[in-house]
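Chemist: One structure is given below, represented as structure tokens, and several questions about it will come after.
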Amino acid sequence: MYAPSFVSADFCEKRVPHRNRIASGWKEPYRVTGIDWLILGLYFAFVLGIGVALKGSMKTSTDFFLAGRAIPAWVAGLAFMSANLGAQEVIGMGASGAKYGIATSHFYWIGAIPAMVFVGLFMMPFYYGSRARSVPEYLRLRFDEKTRGLNAISFAIMTIFSSGISMYAIAKLIQTLHVFDGVFQRLGLSSSWIFDFAILISAIVVLVYTFLGGLSSAIYNEVLQFFLIVAGFLPLSYLGLKNVGGWSGLKATLGPSYTHSWAGMSHANTNRLGVEWFGLAMGLGFVLSFGYWCTDFLVIQRAMAAKSMSAARRTPLIGAFPKMLFPFLVILPGLIAIALPTQPDVPLHARVVVSAQPPGRGIIPIKVDATSGQPMLDKDGKPQLDYDLAVPSMLLHYFPPGMLGLGLTALLASFMSGMAGNVTAFNTVWTYDIYQSYIRPGATDAHYLWMGRASTVFGIAFSIAAAYMANRFNNIMDMLQLVFAFVNAPLFATFLLGMFWKRTTGHAAFTGLLAGTAAAAIHHGLTLPAGAVVGIKGGWLAVTHLYPSEMAQNFWTAIYAWSTCFVVTIVVSLMTRAPEESKLVGLVYSLTPKPEEEPLAWYARPASLAIMVLAGTVLLNIIFW
Amino acid sequence: MGIDIRLPLGILFLLLGSTLIVYGAVSDASLYRQSLGINVNLYWGVVLLAFGALMFTLSRRGARAEAQAKNIPQSPRSPGH
């Protein structure tokens with residue numbers, strides 16, 4: 001899940017490498033009780049059961065990679081949204097809620113909804129209608145082989161690393177929450193093996209159900225996961241909000257900077273995000289958001305698996321409804337965690353106080369350096385808060401045994417679905433766009449089905465390697481995420497021109513993408529966020545401009561990349577020979593007949609859904625202005 | 001192809017709901033001091049059970065509708081017509 005990582009890139013930051021994390025800001029070694037194990041066990045039984053139940057229906061490669069194109073709209077819609085709801089999202093959004101306040105909801109309200117509406121209404125007719133089996137394959141049909149190759153290879157590498165980072169995050173969380181400590185103690189095993197055990201177990205579970213049931217299995221599990229996250233997090237928001245005296249109580253405790261999403265956006269220095277409205281709307285709301293939701297095969301694959309054109313178009317629109325409301329489940333707990341009275345001594349069952357660290361803020365502990373055991377300080381010498389523990393702290397704070405099992409299940413479910421989403425996108429792009437295209441064309445369908453299963457196995461094996469790399473060499477992961485950001489930023493310009501301007505040529509698309517990526521790298525090399533050191537954060541060519549925050553720098557990097565790709569693609573298109581129009585039918589807006597509407601009730605039509613979800617989003621923005 | 005996800009979803013939530021209800025009914029009241037004195041296991045268990053029952057019912061109804069839809073087009077083709 002690389003695209004939203006610009007918000008929560010610090011999720012994986014600097015908690016590495018501490019395999020033996022004895023000194024920790026985390027105070028209580030928590031023991032999972034029998035009832036919690038029972039609930040976790042129930043969930044795992046169903047996850048694996050779904051894979052086993054689907055095994056028999058995987059007869060062709062289309063069954064395996066595209067769920068036989070038979071998924072109902074509501075199932076595909078929930079999967080579309082949940083595939084993105086992985087580790088960085090659930091933990092990262094809570095962390096950002098605690099750090100930036102309700103303004104974090106911009107990542108949903110302007111950073112997702114408009115793009116989800118756009119892809120459903122305007123782009124899905126070409127993705128689904130072209131019968132392309134993947135996003136890179138659409139690029140080959142519309143442009144040429146080299147544009148597809150560029151997209152397929154970079155996408156395949158990114159999914160492996162994203163799924164590795166997801167796995168690393170699960171293992172880290174299991175270790176931090178001491179989920180397995182009791183079991184390991186009883187078995188007389190060293191607790192230093194917990195990280196490895198957690199990696200192994202999550203890899204095996206995801207492997208079993210995606211190997212057996214392919215995309216169908218991943219999609220069905222994403223639906224289970226969606227309802228589990230609601231089941232686990234809704235009571236958390238309710239209890240927390242009740243405790244702090246409702247929204248008005250939260251406003252009184254935290255002050256306006258935490259509880260308004262737009263006030264103060266006129267200038268970067270007057271809001272917590274450190275971005276001005278233009279950079280936010282263009283960088284996040286347009287370039288990054290459309291680049292992810294409209295072009296990323298991880299999510300588009302869910303819509304391509306829908307059972308009809310109308311179902312495919314409604315997939316992102318149906319997903320947009322829960323997306324609009326999710327800030328109340330994943331961001332609000334972060335705000336509550338920071339608003340609660342700071343309690344060095346939280347009353348918890350089975351609690352042993354092992355450290356005499358200074359208190360954090362609210363119930364969020366401070367960050368502790370693993371090697372020295374000392375609090376980590378920011379540039380003003382104040383202790384830093386470990387924001388990533390906001391959501392886990394809330395779970396432990398409010399949930400008794402039983403509900404806690406459900407909360408942990410919701411967290412684990414989200415991690416695994418995020419990983420499975422990457423694995424299923426990887427095996428499809430690998431098999432159709434790399435293996436079938438460049439390595440072994442013309443084999444039987446049974447062979448490609450076999451390759452799909454084989455690539456599931458080695459995809460997960462590579463992910464494990466990536467997870468260990470994240471654990472050992474944090475800087476390499478930071479660098480890779482940066483490179484992914486450069487590669488992704490210009491993508492939407494290529495798709496927009498490709499779908500809506502028939503003159504766009506293959507040479508232009510390819511050159512535009514390379515130019516956009518280069519522009520992103522150069523912009524990053526010439527600018528630096530305030531207070532950062534020259535290097536991975538930017539300025540490695542020369543520092544010509546200082547941004548008020550890293551987020552502002554990210555958004556502007558994306559804006560430069562997109563604009564460069566857009567202009568270069570147009571210029572090169574005009575200089576190269578126009579593509580034959582007869583070959584573009586079904587791929588370009590002006591040459592494709594309008595999709596026939598299925599007879600649907602007025603409220604279920606794509607346009608009606610789009611208007612409803614946009615109106616709801618505008619209303620939420622006004623309420624939380 | 002595939003399965004009607006509402007069936008496993010319904011069964012999973014019926015089981016989760018009943019587990020929480022039973023545990024909420026037998027567990028010690030002091031456990032709930034941290035959840036503001038509310039027996040969240042019991043109350044939320046009831047909500048999850050109701051959701052599970054709804055999904056289960058919908059999937060049964062869906063299966064019946066599908067079976068009917070299959071029977072109708074078959075009958076004209078049956079011998080004797």
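Ordered as shown in the structure tokens, chains take letters A, B, and onward, while each chain numbers its residues from 1 and ligands are numbered from 1 in the order shown.
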Within 7 Å of chain A, which residues of chain B are there when counting only C-alpha atoms? Please give them as a PDB file with N, CA and C atoms, in the first residue's frame.
Modeler:
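out.pdb, freshly written:
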```pdb
ATOM      1  N   MET B   1     -20.104 -18.807 -10.017  1.00  0.00           N
ATOM      2  CA  MET B   1     -19.021 -19.430  -9.259  1.00  0.00           C
ATOM      3  C   MET B   1     -18.905 -18.808  -7.880  1.00  0.00           C
ATOM      4  N   GLY B   2     -18.097 -19.424  -7.057  1.00  0.00           N
ATOM      5  CA  GLY B   2     -17.823 -18.840  -5.755  1.00  0.00           C
ATOM      6  C   GLY B   2     -18.920 -19.130  -4.749  1.00  0.00           C
ATOM      7  N   ILE B   5     -21.017 -14.673   0.102  1.00  0.00           N
ATOM      8  CA  ILE B   5     -20.239 -14.294   1.278  1.00  0.00           C
ATOM      9  C   ILE B   5     -21.127 -14.025   2.491  1.00  0.00           C
ATOM     10  N   LEU B   9     -20.223 -14.876   6.487  1.00  0.00           N
ATOM     11  CA  LEU B   9     -20.254 -13.645   7.281  1.00  0.00           C
ATOM     12  C   LEU B   9     -21.293 -13.765   8.390  1.00  0.00           C
ATOM     13  N   LEU B  16     -19.426 -15.027  16.880  1.00  0.00           N
ATOM     14  CA  LEU B  16     -18.748 -13.975  17.649  1.00  0.00           C
ATOM     15  C   LEU B  16     -19.719 -13.345  18.643  1.00  0.00           C
ATOM     16  N   LEU B  20     -19.416 -13.445  22.785  1.00  0.00           N
ATOM     17  CA  LEU B  20     -19.319 -12.238  23.618  1.00  0.00           C
ATOM     18  C   LEU B  20     -20.474 -12.168  24.619  1.00  0.00           C
ATOM     19  N   LEU B  31     -14.445  -6.209  35.668  1.00  0.00           N
ATOM     20  CA  LEU B  31     -13.743  -6.118  34.379  1.00  0.00           C
ATOM     21  C   LEU B  31     -14.139  -4.859  33.620  1.00  0.00           C
ATOM     22  N   TYR B  32     -15.378  -4.415  33.851  1.00  0.00           N
ATOM     23  CA  TYR B  32     -15.925  -3.362  33.008  1.00  0.00           C
ATOM     24  C   TYR B  32     -15.677  -1.963  33.553  1.00  0.00           C
ATOM     25  N   GLN B  34     -12.951  -0.432  33.209  1.00  0.00           N
ATOM     26  CA  GLN B  34     -12.211   0.285  32.170  1.00  0.00           C
ATOM     27  C   GLN B  34     -13.085   0.686  30.996  1.00  0.00           C
ATOM     28  N   SER B  35     -14.210  -0.007  30.792  1.00  0.00           N
ATOM     29  CA  SER B  35     -15.104   0.406  29.712  1.00  0.00           C
ATOM     30  C   SER B  35     -16.246   1.249  30.278  1.00  0.00           C
ATOM     31  N   ASN B  41     -19.085  -6.348  26.348  1.00  0.00           N
ATOM     32  CA  ASN B  41     -19.160  -7.681  25.756  1.00  0.00           C
ATOM     33  C   ASN B  41     -20.611  -8.072  25.510  1.00  0.00           C
TER      34      ASN B  41
END
```
Chemist: Quick one: residues within 6 Å of Gly94 in chain A, only C-alpha atoms counted, chain neighbours fewer than 3 positions away excluded, as a list of chain:residue names?
Modeler: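 Listing them by chain and then by number gives A:Ile91, A:Gly97, A:Val330, A:Ile331, A:Gly334, A:Val391.
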Chemist: Using N, CA and C atoms, can you write the selected residues to a file as a PDB file, in the first residue's frame?
Modeler:
```
ATOM      1  N   ILE A  91      -3.313   1.936  11.545  1.00  0.00           N
ATOM      2  CA  ILE A  91      -2.435   2.462  12.581  1.00  0.00           C
ATOM      3  C   ILE A  91      -2.034   3.895  12.243  1.00  0.00           C
ATOM      4  N   GLY A  97      -4.283  11.222  13.335  1.00  0.00           N
ATOM      5  CA  GLY A  97      -5.363  11.874  14.070  1.00  0.00           C
ATOM      6  C   GLY A  97      -4.826  12.489  15.353  1.00  0.00           C
ATOM      7  N   VAL A 330     -11.320   5.405  12.386  1.00  0.00           N
ATOM      8  CA  VAL A 330      -9.865   5.251  12.482  1.00  0.00           C
ATOM      9  C   VAL A 330      -9.137   6.525  12.907  1.00  0.00           C
ATOM     10  N   ILE A 331      -9.708   7.710  12.659  1.00  0.00           N
ATOM     11  CA  ILE A 331      -9.013   8.940  13.030  1.00  0.00           C
ATOM     12  C   ILE A 331      -9.438   9.406  14.421  1.00  0.00           C
ATOM     13  N   GLY A 334      -7.575   8.342  17.548  1.00  0.00           N
ATOM     14  CA  GLY A 334      -6.309   9.048  17.723  1.00  0.00           C
ATOM     15  C   GLY A 334      -6.505  10.358  18.473  1.00  0.00           C
ATOM     16  N   VAL A 391      -3.684   3.992  18.513  1.00  0.00           N
ATOM     17  CA  VAL A 391      -4.817   3.066  18.391  1.00  0.00           C
ATOM     18  C   VAL A 391      -4.654   1.840  19.296  1.00  0.00           C
TER      19      VAL A 391
END
```
Chemist: Counting only C-alpha atoms, figure out which residue out of B:Arg33, B:Val40, B:Gly52, B:Asp28 gets nearest to Ile11 in chain B.
Modeler: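 Looking only at the distances to Ile11 in chain B, the closest residue turns out to be B:Gly52.
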Chemist: Could you tell me how far CA of Ile38 in chain B lies from CA of Tyr238 in chain A, in Å and to one decimal?
Modeler: 11.3 Å
Chemist: Could you list, as number ranges by chain, every residue within 12 Å of Val275 in chain A, counting only C-alpha atoms and ignoring same-chain residues fewer than 6 positions away?
Modeler: A: 100, 103-104, 106, 261-262, 264-269, 281-284, 529, 547-556
Chemist: Would you save the residues of that selection, restricted to C-alpha atoms, as a PDB file, in the first residue's frame?
Modeler:
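Wrote it out as selection_28.pdb, contents follow:
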```pdb
ATOM      1  CA  TYR A 100      -2.741  16.540  13.175  1.00  0.00           C
ATOM      2  CA  ALA A 103      -7.662  17.612   9.427  1.00  0.00           C
ATOM      3  CA  THR A 104      -6.398  14.055   8.809  1.00  0.00           C
ATOM      4  CA  HIS A 106      -8.666  15.315   4.252  1.00  0.00           C
ATOM      5  CA  SER A 261     -10.390  20.549   9.027  1.00  0.00           C
ATOM      6  CA  TRP A 262     -10.303  23.709   6.906  1.00  0.00           C
ATOM      7  CA  GLY A 264      -6.296  27.837   9.089  1.00  0.00           C
ATOM      8  CA  MET A 265      -5.698  26.284   5.664  1.00  0.00           C
ATOM      9  CA  SER A 266      -5.110  29.680   4.046  1.00  0.00           C
ATOM     10  CA  HIS A 267      -1.457  29.476   5.081  1.00  0.00           C
ATOM     11  CA  ALA A 268       0.860  26.579   5.853  1.00  0.00           C
ATOM     12  CA  ASN A 269       1.898  28.042   9.204  1.00  0.00           C
ATOM     13  CA  ALA A 281      -6.258  20.383  -2.968  1.00  0.00           C
ATOM     14  CA  MET A 282      -3.934  19.965  -5.969  1.00  0.00           C
ATOM     15  CA  GLY A 283      -1.246  17.727  -4.499  1.00  0.00           C
ATOM     16  CA  LEU A 284      -3.369  15.442  -2.354  1.00  0.00           C
ATOM     17  CA  PRO A 529      11.233  20.521   4.613  1.00  0.00           C
ATOM     18  CA  TYR A 547       8.883  23.834   2.660  1.00  0.00           C
ATOM     19  CA  PRO A 548       7.108  24.350   5.974  1.00  0.00           C
ATOM     20  CA  SER A 549       6.537  20.587   6.337  1.00  0.00           C
ATOM     21  CA  GLU A 550       7.383  17.251   4.754  1.00  0.00           C
ATOM     22  CA  MET A 551       3.773  16.879   3.690  1.00  0.00           C
ATOM     23  CA  ALA A 552       3.893  20.157   1.760  1.00  0.00           C
ATOM     24  CA  GLN A 553       7.083  18.998   0.034  1.00  0.00           C
ATOM     25  CA  ASN A 554       5.444  15.669  -0.909  1.00  0.00           C
ATOM     26  CA  PHE A 555       2.374  17.351  -2.330  1.00  0.00           C
ATOM     27  CA  TRP A 556       4.413  19.796  -4.393  1.00  0.00           C
TER      28      TRP A 556
END
```
Chemist: Contacts of range 361-367 of chain A at 6 Å or less, counting only C-alpha atoms, minus same-chain residues fewer than 2 places along, as a list in words?
Modeler: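 Residues near the query, excluding close chain neighbours: Gly25, Ala337, Ile338, Ala339, Leu340, Pro341, Thr342, Pro375, Met376, Gln384, Leu385, Asp386 and Ala390 of chain A.
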Chemist: So that I have them on file, write out the residues from the current selection with N, CA and C atoms, as an mmCIF file, in the first residue's frame.
Modeler:
```cif
data_model
loop_
_atom_site.group_PDB
_atom_site.id
_atom_site.type_symbol
_atom_site.label_atom_id
_atom_site.label_comp_id
_atom_site.auth_asym_id
_atom_site.auth_seq_id
_atom_site.Cartn_x
_atom_site.Cartn_y
_atom_site.Cartn_z
ATOM 1 N N GLY A 25 8.628 2.357 25.513
ATOM 2 C CA GLY A 25 7.706 3.323 26.089
ATOM 3 C C GLY A 25 6.429 2.631 26.519
ATOM 4 N N ALA A 337 -7.256 9.639 22.074
ATOM 5 C CA ALA A 337 -6.063 9.183 22.802
ATOM 6 C C ALA A 337 -5.231 10.354 23.297
ATOM 7 N N ILE A 338 -5.180 11.429 22.499
ATOM 8 C CA ILE A 338 -4.359 12.566 22.900
ATOM 9 C C ILE A 338 -5.130 13.475 23.860
ATOM 10 N N ALA A 339 -6.469 13.386 23.847
ATOM 11 C CA ALA A 339 -7.285 14.281 24.673
ATOM 12 C C ALA A 339 -7.492 13.760 26.086
ATOM 13 N N LEU A 340 -7.318 12.466 26.292
ATOM 14 C CA LEU A 340 -7.550 11.902 27.623
ATOM 15 C C LEU A 340 -6.543 12.477 28.611
ATOM 16 N N PRO A 341 -6.928 12.569 29.887
ATOM 17 C CA PRO A 341 -5.965 13.056 30.869
ATOM 18 C C PRO A 341 -4.726 12.158 30.878
ATOM 19 N N THR A 342 -3.559 12.763 30.962
ATOM 20 C CA THR A 342 -2.316 11.994 30.968
ATOM 21 C C THR A 342 -2.238 11.176 32.243
ATOM 22 N N PRO A 375 14.405 8.325 26.445
ATOM 23 C CA PRO A 375 13.380 8.911 25.582
ATOM 24 C C PRO A 375 14.018 9.580 24.367
ATOM 25 N N MET A 376 13.363 9.465 23.203
ATOM 26 C CA MET A 376 13.866 10.138 22.017
ATOM 27 C C MET A 376 13.379 11.577 22.017
ATOM 28 N N GLN A 384 9.681 12.899 22.207
ATOM 29 C CA GLN A 384 8.729 12.656 21.113
ATOM 30 C C GLN A 384 7.677 11.642 21.538
ATOM 31 N N LEU A 385 6.482 11.796 20.992
ATOM 32 C CA LEU A 385 5.426 10.833 21.296
ATOM 33 C C LEU A 385 5.445 9.707 20.270
ATOM 34 N N ASP A 386 5.107 8.494 20.731
ATOM 35 C CA ASP A 386 5.032 7.357 19.818
ATOM 36 C C ASP A 386 3.601 7.254 19.286
ATOM 37 N N ALA A 390 -1.106 5.058 19.281
ATOM 38 C CA ALA A 390 -2.369 5.687 19.679
ATOM 39 C C ALA A 390 -3.520 4.684 19.650
#
```
Chemist: For Phe64 in chain A, which residue out of A:Ala305, A:Val299, A:Leu395, A:Met469 is the nearest one, using only C-alpha atoms?
Modeler: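 For Phe64 in chain A, the nearest of the candidates is A:Ala305.
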Chemist: Going by DSSP on the backbone, which residues of chain B come out as helix (DSSP H, G or I)? List them as an MDAnalysis selection string.
Modeler: chainID B and resid 6:26 29:33 40:77
Chemist: Just the number, please: distance in Å from CA of Ala461 in chain A to CA of Ser202 in chain A, one decimal.
Modeler: 11.9 Å
Chemist: Excluding Gly525 in chain A and its own-chain neighbours fewer than 5 positions away, which residues fall within 12 Å of it when counting only C-alpha atoms? Please give them as a list in words.
Modeler: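 Listed by chain and then number, they are Leu482, Phe486, Ala518, Ala519, Ala520, Val534, Gly535, Ile536, Lys537, Gly538, Gly539, Trp540, Leu541, Ala542, Val543, Thr544, His545, Leu546, Gln553, Asn554 and Thr557 of chain A.
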